[in-house]
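Enquirer: Sharing target33.cif (mmCIF, C-alpha atoms and all ligand atoms) below.
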data_structure
#
loop_
_atom_site.label_atom_id
_atom_site.label_comp_id
_atom_site.auth_asym_id
_atom_site.auth_seq_id
_atom_site.Cartn_x
_atom_site.Cartn_y
_atom_site.Cartn_z
CA MET B 1 14.40 4.97 50.91
CA SER B 2 13.90 2.82 47.80
CA ALA B 3 10.93 0.50 47.37
CA SER B 4 13.12 -2.64 47.60
CA THR B 5 14.57 -1.68 51.01
CA ASP B 6 11.00 -1.14 52.27
CA LYS B 7 10.31 -4.82 51.73
CA PRO B 8 10.76 -7.16 54.68
CA LEU B 9 13.40 -9.86 54.94
CA LEU B 10 11.50 -13.17 54.89
CA ILE B 11 12.26 -15.98 57.32
CA VAL B 12 11.09 -19.32 55.92
CA PHE B 13 10.85 -21.52 58.99
CA GLY B 14 11.30 -25.21 58.15
CA ALA B 15 14.36 -26.38 56.23
CA GLY B 16 12.79 -29.35 54.46
CA GLY B 17 11.34 -29.93 51.01
CA HIS B 18 8.24 -27.88 51.73
CA GLY B 19 10.49 -25.04 52.91
CA ARG B 20 12.33 -25.20 49.61
CA VAL B 21 9.04 -24.81 47.73
CA ALA B 22 8.09 -21.83 49.91
CA ALA B 23 11.51 -20.17 49.58
CA ASP B 24 11.52 -20.64 45.81
CA ALA B 25 8.05 -19.09 45.50
CA ALA B 26 9.07 -16.22 47.80
CA LEU B 27 12.17 -15.44 45.74
CA ARG B 28 10.16 -15.61 42.51
CA SER B 29 7.45 -13.33 43.92
CA GLY B 30 9.78 -10.38 44.43
CA ALA B 31 7.77 -9.42 47.52
CA PHE B 32 10.71 -9.64 49.94
CA ARG B 33 14.11 -7.95 50.12
CA GLY B 34 15.71 -11.35 50.75
CA VAL B 35 14.99 -14.83 52.09
CA VAL B 36 16.67 -16.77 54.91
CA ALA B 37 15.59 -20.04 56.47
CA GLY B 38 15.28 -21.11 60.10
CA ASP B 39 15.05 -24.50 61.75
CA ARG B 40 15.31 -26.00 65.24
CA ASN B 41 17.36 -28.99 64.02
CA PRO B 42 21.11 -28.28 64.49
CA ALA B 43 21.90 -30.62 61.58
CA ALA B 44 20.33 -28.04 59.24
CA TRP B 45 22.30 -25.06 60.53
CA GLU B 46 25.03 -23.66 58.29
CA THR B 47 23.54 -25.47 55.30
CA GLU B 48 21.60 -23.77 52.50
CA LEU B 49 17.91 -24.41 51.85
CA LEU B 50 18.45 -23.19 48.29
CA PRO B 51 21.59 -21.60 46.83
CA GLY B 52 21.93 -18.23 48.61
CA VAL B 53 19.31 -19.07 51.29
CA PRO B 54 21.20 -19.88 54.54
CA VAL B 55 19.62 -21.93 57.33
CA LEU B 56 19.92 -20.25 60.74
CA ALA B 57 19.26 -21.47 64.26
CA ALA B 58 15.92 -20.37 65.69
CA ASP B 59 17.60 -18.15 68.31
CA ALA B 60 19.67 -16.35 65.63
CA LEU B 61 16.53 -15.18 63.85
CA ALA B 62 15.60 -12.54 66.45
CA ALA B 63 18.90 -10.75 65.81
CA LEU B 64 18.26 -10.24 62.08
CA PRO B 65 18.19 -6.54 61.17
CA GLY B 66 15.36 -4.47 59.74
CA GLN B 67 11.78 -5.31 58.96
CA LEU B 68 11.09 -9.05 59.21
CA ALA B 69 8.38 -11.35 57.88
CA LEU B 70 7.84 -14.97 58.89
CA HIS B 71 6.44 -17.88 56.93
CA VAL B 72 6.15 -21.27 58.64
CA ALA B 73 6.87 -23.85 55.93
CA ILE B 74 6.00 -27.19 57.50
CA GLY B 75 3.64 -29.50 55.60
CA GLY B 76 2.15 -31.21 58.67
CA ASN B 77 -0.84 -29.13 59.76
CA ALA B 78 -0.62 -29.58 63.54
CA VAL B 79 3.15 -28.96 63.61
CA ARG B 80 2.83 -25.90 61.36
CA LYS B 81 0.21 -24.41 63.67
CA ALA B 82 2.22 -25.18 66.83
CA GLN B 83 5.42 -23.69 65.39
CA ALA B 84 3.60 -20.57 64.22
CA GLN B 85 2.29 -20.05 67.75
CA ALA B 86 5.73 -20.60 69.31
CA LEU B 87 7.47 -18.32 66.81
CA GLY B 88 4.86 -15.63 67.31
CA ALA B 89 6.14 -15.36 70.88
CA GLU B 90 9.84 -15.68 69.93
CA LEU B 91 9.70 -13.21 67.02
CA PRO B 92 6.90 -10.78 67.91
CA HIS B 93 8.25 -8.17 65.46
CA ALA B 94 8.03 -10.53 62.43
CA ALA B 95 4.66 -10.34 60.66
CA LEU B 96 3.20 -13.62 59.41
CA ALA B 97 3.60 -13.56 55.63
CA THR B 98 1.63 -15.13 52.81
CA ILE B 99 3.66 -16.25 49.78
CA ILE B 100 2.07 -16.34 46.33
CA HIS B 101 4.05 -17.81 43.43
CA PRO B 102 3.86 -15.48 40.41
CA HIS B 103 2.53 -18.36 38.30
CA ALA B 104 -0.52 -18.88 40.50
CA SER B 105 -3.85 -17.36 39.47
CA VAL B 106 -5.63 -15.71 42.39
CA ALA B 107 -8.95 -13.96 41.75
CA ASP B 108 -9.10 -10.31 42.81
CA THR B 109 -12.11 -11.12 44.97
CA ALA B 110 -10.45 -14.04 46.81
CA ARG B 111 -9.61 -13.39 50.47
CA ILE B 112 -6.26 -14.73 51.62
CA ALA B 113 -5.30 -14.64 55.32
CA PRO B 114 -1.70 -14.19 56.55
CA GLY B 115 0.69 -17.14 56.60
CA CYS B 116 -0.69 -18.93 53.52
CA LEU B 117 1.36 -20.54 50.74
CA ILE B 118 -0.04 -20.54 47.20
CA THR B 119 2.35 -22.37 44.88
CA ALA B 120 2.90 -22.54 41.12
CA GLN B 121 0.01 -23.32 38.76
CA CYS B 122 -2.71 -23.03 41.45
CA VAL B 123 -6.04 -21.43 40.72
CA ILE B 124 -7.93 -19.63 43.50
CA GLY B 125 -11.37 -18.69 42.18
CA PRO B 126 -13.54 -15.65 42.81
CA MET B 127 -14.82 -15.12 46.38
CA ALA B 128 -12.78 -18.08 47.65
CA GLU B 129 -11.31 -17.73 51.15
CA LEU B 130 -8.12 -19.15 52.67
CA GLY B 131 -7.68 -19.07 56.45
CA ILE B 132 -4.48 -18.35 58.31
CA GLY B 133 -1.59 -20.70 57.52
CA ALA B 134 -3.41 -22.63 54.77
CA ILE B 135 -1.42 -24.30 51.97
CA VAL B 136 -2.56 -24.65 48.37
CA ASN B 137 0.05 -26.84 46.78
CA HIS B 138 1.27 -27.18 43.18
CA GLY B 139 -1.40 -27.22 40.52
CA ALA B 140 -4.40 -27.34 42.89
CA VAL B 141 -7.73 -25.69 42.07
CA VAL B 142 -9.77 -23.99 44.82
CA ASP B 143 -12.83 -22.96 42.86
CA HIS B 144 -15.25 -20.09 43.40
CA ASP B 145 -16.73 -19.55 46.87
CA CYS B 146 -14.65 -22.28 48.53
CA ARG B 147 -13.74 -21.73 52.19
CA VAL B 148 -10.46 -23.33 53.23
CA ALA B 149 -9.99 -22.83 56.96
CA ALA B 150 -6.86 -22.15 59.00
CA TRP B 151 -3.94 -24.60 58.81
CA ALA B 152 -5.61 -26.79 56.17
CA HIS B 153 -3.46 -28.28 53.40
CA ILE B 154 -4.72 -28.67 49.84
CA ALA B 155 -2.14 -31.03 48.34
CA PRO B 156 -0.76 -30.98 44.77
CA GLY B 157 -3.25 -31.51 41.97
CA VAL B 158 -6.43 -31.35 44.09
CA ARG B 159 -9.67 -30.15 42.49
CA LEU B 160 -12.15 -28.51 44.85
CA GLY B 161 -15.48 -27.78 43.14
CA GLY B 162 -17.35 -24.56 43.84
CA ALA B 163 -18.30 -23.64 47.42
CA VAL B 164 -16.48 -26.57 49.03
CA ARG B 165 -15.72 -26.04 52.73
CA VAL B 166 -12.50 -27.44 54.18
CA ASP B 167 -12.38 -27.02 57.96
CA ASP B 168 -9.41 -26.35 60.25
CA ALA B 169 -6.25 -28.40 59.74
CA ALA B 170 -7.80 -30.89 57.31
CA LEU B 171 -5.55 -32.53 54.68
CA VAL B 172 -6.97 -32.95 51.18
CA GLY B 173 -4.63 -35.53 49.62
CA ALA B 174 -2.78 -35.20 46.34
CA GLY B 175 -4.80 -35.51 43.14
CA SER B 176 -8.17 -35.85 44.85
CA THR B 177 -11.44 -34.37 43.60
CA VAL B 178 -14.20 -32.92 45.78
CA LEU B 179 -17.63 -32.23 44.31
CA ARG B 180 -19.16 -28.80 44.83
CA ASN B 181 -20.85 -27.71 48.07
CA LEU B 182 -19.34 -30.56 50.13
CA ARG B 183 -17.65 -30.15 53.53
CA ILE B 184 -14.43 -31.75 54.76
CA GLY B 185 -14.38 -31.66 58.56
CA ARG B 186 -11.82 -30.36 61.01
CA ASP B 187 -8.64 -32.51 61.18
CA ALA B 188 -10.06 -34.88 58.56
CA VAL B 189 -7.89 -36.51 55.87
CA LEU B 190 -8.96 -37.27 52.32
CA GLY B 191 -6.51 -39.78 50.83
CA ALA B 192 -4.55 -39.23 47.67
CA GLY B 193 -6.50 -39.85 44.47
CA ALA B 194 -9.94 -39.92 46.13
CA VAL B 195 -13.20 -38.68 44.66
CA LEU B 196 -15.42 -37.28 47.44
CA LEU B 197 -19.17 -37.49 46.82
CA GLU B 198 -20.50 -36.73 50.33
CA ASP B 199 -19.42 -34.75 53.41
CA LEU B 200 -16.37 -36.10 55.26
CA PRO B 201 -16.88 -35.87 59.07
CA ASP B 202 -14.42 -34.27 61.51
CA GLY B 203 -11.29 -36.26 62.27
CA GLN B 204 -11.95 -39.17 59.89
CA THR B 205 -9.70 -40.53 57.13
CA TRP B 206 -11.42 -41.42 53.89
CA GLY B 207 -10.06 -42.53 50.52
CA GLY B 208 -10.86 -44.27 47.26
CA ILE B 209 -13.47 -43.76 44.53
CA PRO B 210 -16.05 -43.03 45.72
CA ALA B 211 -14.34 -41.95 48.95
CA HIS B 212 -15.22 -44.03 52.03
CA PRO B 213 -13.75 -44.49 55.53
CA LEU B 214 -10.36 -46.25 55.43
CA LYS B 215 -10.54 -48.76 58.27
CA GLY B 216 -6.78 -49.33 58.69
CA ALA B 217 -5.77 -45.65 58.46
CA ARG B 218 -4.24 -43.90 61.48
CA ALA B 219 -6.31 -40.71 61.70
C1 LIG E 301 -5.01 -41.95 53.35
C2 LIG E 301 -3.65 -41.95 54.03
C3 LIG E 301 -3.54 -40.74 54.98
C4 LIG E 301 -3.56 -43.22 54.83
O1 LIG E 301 -2.30 -43.32 55.43
P1 LIG E 301 -2.07 -44.30 56.71
O2 LIG E 301 -2.90 -43.84 57.86
O3 LIG E 301 -0.58 -44.42 56.90
O4 LIG E 301 -2.71 -45.66 56.26
P2 LIG E 301 -2.06 -46.95 55.56
O5 LIG E 301 -1.06 -46.57 54.51
O6 LIG E 301 -1.62 -47.86 56.66
O7 LIG E 301 -3.31 -47.59 54.80
C5 LIG E 301 -4.47 -48.02 55.51
C6 LIG E 301 -5.39 -48.65 54.51
O8 LIG E 301 -5.91 -47.64 53.61
C7 LIG E 301 -5.53 -47.92 52.24
N1 LIG E 301 -5.16 -46.65 51.62
C8 LIG E 301 -4.12 -45.83 51.99
N2 LIG E 301 -4.13 -44.72 51.26
C9 LIG E 301 -5.17 -44.83 50.39
C10 LIG E 301 -5.66 -43.98 49.38
N3 LIG E 301 -5.10 -42.81 49.11
N4 LIG E 301 -6.75 -44.40 48.68
C11 LIG E 301 -7.34 -45.59 48.95
N5 LIG E 301 -6.91 -46.45 49.92
C12 LIG E 301 -5.83 -46.06 50.63
C13 LIG E 301 -4.36 -48.91 52.36
O9 LIG E 301 -4.26 -49.69 51.19
C14 LIG E 301 -4.73 -49.67 53.59
O10 LIG E 301 -5.73 -50.61 53.23
P3 LIG E 301 -5.85 -52.06 53.96
O11 LIG E 301 -6.20 -51.76 55.41
O12 LIG E 301 -6.96 -52.74 53.21
O13 LIG E 301 -4.52 -52.71 53.82
C15 LIG E 301 -2.48 -41.84 53.00
O14 LIG E 301 -2.28 -43.06 52.31
C16 LIG E 301 -2.71 -40.72 51.99
O15 LIG E 301 -3.29 -40.89 50.93
N6 LIG E 301 -2.21 -39.51 52.35
C17 LIG E 301 -2.25 -38.32 51.53
C18 LIG E 301 -0.81 -37.89 51.28
C19 LIG E 301 -0.74 -36.59 50.52
O16 LIG E 301 -1.39 -36.39 49.52
N7 LIG E 301 0.09 -35.72 51.06
C20 LIG E 301 0.33 -34.42 50.50
C21 LIG E 301 1.79 -34.26 50.27
S1 LIG E 301 2.22 -32.68 49.67
#
Spit out the file's structure as structure tokens when you get a sec.
Ligand SMILES: CC(C)(COP(=O)(O)OP(=O)(O)OC[C@H]1O[C@@H](n2cnc3c(N)ncnc32)[C@H](O)[C@@H]1OP(=O)(O)O)[C@@H](O)C(=O)NCCC(=O)NCCS
Expert:
Amino acid sequence: MSASTDKPLLIVFGAGGHGRVAADAALRSGAFRGVVAGDRNPAAWETELLPGVPVLAADALAALPGQLALHVAIGGNAVRKAQAQALGAELPHAALATIIHPHASVADTARIAPGCLITAQCVIGPMAELGIGAIVNHGAVVDHDCRVAAWAHIAPGVRLGGAVRVDDAALVGAGSTVLRNLRIGRDAVLGAGAVLLEDLPDGQTWGGIPAHPLKGARA
């Protein structure tokens, strides 16, 4: 059997813009023998996520032949986690797959859990850790010794200084900067463009420069 047929067929679950980013990175990575998409919305079925990447109904995915891998490509952290749990039961033979764009720089000593997405122009520094299902979006820097927990989302253009800790399912908004050694709590949100100078507690939404609690924000 050739090396290419040993590779799994990747299911990118989530036929939206984030799914397109994941599918594009997966195709560019060469790590999969092919890429198809899945979605629960019937309006997406029989469309293409990208040229040559068909969108299938969730119940059609179990019938796909050969070795399968699954990547849940939904930007919202809670929904991504819930869908990964549901699909784990529906597709028990599909291993959760991490996708790394070939134009990302990932240190050899970084530890990357299954189900992560690392997109183009990201830097993951030495000894950094990404938990299951974490996203590091376009052009973000996760510097040395950072710990990004499961289902967290580091949005495009973020700068995390060394040894920053981002807890479960937190969102670090686009273009924000976090000084070294700080902690962003579980389910917290740091707004786009913020500069964080102190720890952000669990579940709170902060923004601005310097970052502070946003009174009118939903989270
Ligand atoms: C912070 C954020 C979550 C708030 O969203 P929200 O809960 O819908 O809140 P609102 O838009 O109603 O804004 C609430 C208040 O916060 C302010 N605000 C919103 N976002 C802000 C930000 N990024 N920086 C500073 N202030 C912000 C609003 O001006 C408003 O102020 P007011 O009460 O004085 O009028 C959102 O604006 C944000 O920045 N999200 C990050 C998005 C992102 O980067 N996604 C990644 C995509 S890949």
Enquirer: To one decimal in Å, tell me the separation between CA of Thr109 (chain B) and CA of Arg147 (chain B).
Expert: 12.9 Å
Enquirer: At a cut-off of 10 Å and counting only C-alpha atoms and all ligand atoms, what residues surround ligand LIG 301 (chain E)? Please answer as a compact mmCIF listing (two decimals) with C-alpha atoms, keeping the file's coordinate frame.
Expert:
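So the final result, stored in part-v2.txt, reads:
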# COMPACT_ATOMS: atom_id res chain seq x y z
CA GLY B 17 11.34 -29.93 51.01
CA HIS B 18 8.24 -27.88 51.73
CA GLY B 75 3.64 -29.50 55.60
CA GLY B 76 2.15 -31.21 58.67
CA ILE B 135 -1.42 -24.30 51.97
CA VAL B 136 -2.56 -24.65 48.37
CA ASN B 137 0.05 -26.84 46.78
CA HIS B 138 1.27 -27.18 43.18
CA HIS B 153 -3.46 -28.28 53.40
CA ILE B 154 -4.72 -28.67 49.84
CA ALA B 155 -2.14 -31.03 48.34
CA PRO B 156 -0.76 -30.98 44.77
CA GLY B 157 -3.25 -31.51 41.97
CA VAL B 158 -6.43 -31.35 44.09
CA LEU B 171 -5.55 -32.53 54.68
CA VAL B 172 -6.97 -32.95 51.18
CA GLY B 173 -4.63 -35.53 49.62
CA ALA B 174 -2.78 -35.20 46.34
CA GLY B 175 -4.80 -35.51 43.14
CA SER B 176 -8.17 -35.85 44.85
CA ALA B 188 -10.06 -34.88 58.56
CA VAL B 189 -7.89 -36.51 55.87
CA LEU B 190 -8.96 -37.27 52.32
CA GLY B 191 -6.51 -39.78 50.83
CA ALA B 192 -4.55 -39.23 47.67
CA GLY B 193 -6.50 -39.85 44.47
CA ALA B 194 -9.94 -39.92 46.13
CA VAL B 195 -13.20 -38.68 44.66
CA GLN B 204 -11.95 -39.17 59.89
CA THR B 205 -9.70 -40.53 57.13
CA TRP B 206 -11.42 -41.42 53.89
CA GLY B 207 -10.06 -42.53 50.52
CA GLY B 208 -10.86 -44.27 47.26
CA ILE B 209 -13.47 -43.76 44.53
CA PRO B 210 -16.05 -43.03 45.72
CA ALA B 211 -14.34 -41.95 48.95
CA HIS B 212 -15.22 -44.03 52.03
CA PRO B 213 -13.75 -44.49 55.53
CA LEU B 214 -10.36 -46.25 55.43
CA LYS B 215 -10.54 -48.76 58.27
CA GLY B 216 -6.78 -49.33 58.69
CA ALA B 217 -5.77 -45.65 58.46
CA ARG B 218 -4.24 -43.90 61.48
CA ALA B 219 -6.31 -40.71 61.70
Enquirer: Between B:Ala170, B:Val164, B:Ala26, B:Leu179, single out the one closest to Cys146 (chain B), counting only C-alpha atoms.
Expert: B:Val164
Enquirer: With 3 Å added on each side, what axis-aligned box encloses every listed atom of region 81-98 of chain B? Give the centre and edge lengths in Å to one decimal, as JSON.
Expert:
{"center_x": 5.0, "center_y": -16.7, "center_z": 61.8, "size_x": 15.6, "size_y": 23.0, "size_z": 24.1}
Enquirer: To one decimal place in Å, what is the distance between CA of Glu46 (chain B) and CA of Gly14 (chain B)?
Expert: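 CA of Gly14 (chain B) lies at a distance of 13.8 Å from CA of Glu46 (chain B).
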Enquirer: So which residues touch Gly38 (chain B) within 6 Å, counting all atoms listed in the file, skipping near sequence neighbours fewer than 2 positions away, as a ChimeraX atom specification?
Expert: /B:13,55-58
Enquirer: Rank B:Val141, B:Leu27, B:Ala107, B:Val53 by their smallest atom-to-atom distance to Val123 (chain B), using only C-alpha atoms, and report the top residue only.
Expert: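 Closest candidate: B:Val141.
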Enquirer: Compile a residue-level contact table for region 37-151 of chain B against region 6-12 of chain B at a cut-off of 7 Å, reporting for every qualifying residue the shortest atom pair and its distance in Å to one decimal, with only C-alpha atoms counted, rows ordered by chain and ascending number, as CSV.
Expert:
residue,atom,partner,partner_atom,distance
B:Ala37,CA,B:Val12,CA,4.6
B:Gly38,CA,B:Val12,CA,6.2
B:Gln67,CA,B:Pro8,CA,4.8
B:Leu68,CA,B:Pro8,CA,4.9
B:Ala69,CA,B:Leu10,CA,4.7
B:Leu70,CA,B:Ile11,CA,4.8
B:His71,CA,B:Val12,CA,5.0
B:Val72,CA,B:Val12,CA,6.0
B:Ala73,CA,B:Val12,CA,6.2
Enquirer: Could you tell me how far CA of Ala94 (chain B) sits from CA of Arg33 (chain B), in Å to one decimal place?
Expert: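 Calculated distance between CA of Arg33 (chain B) and CA of Ala94 (chain B) is 14.0 Å.
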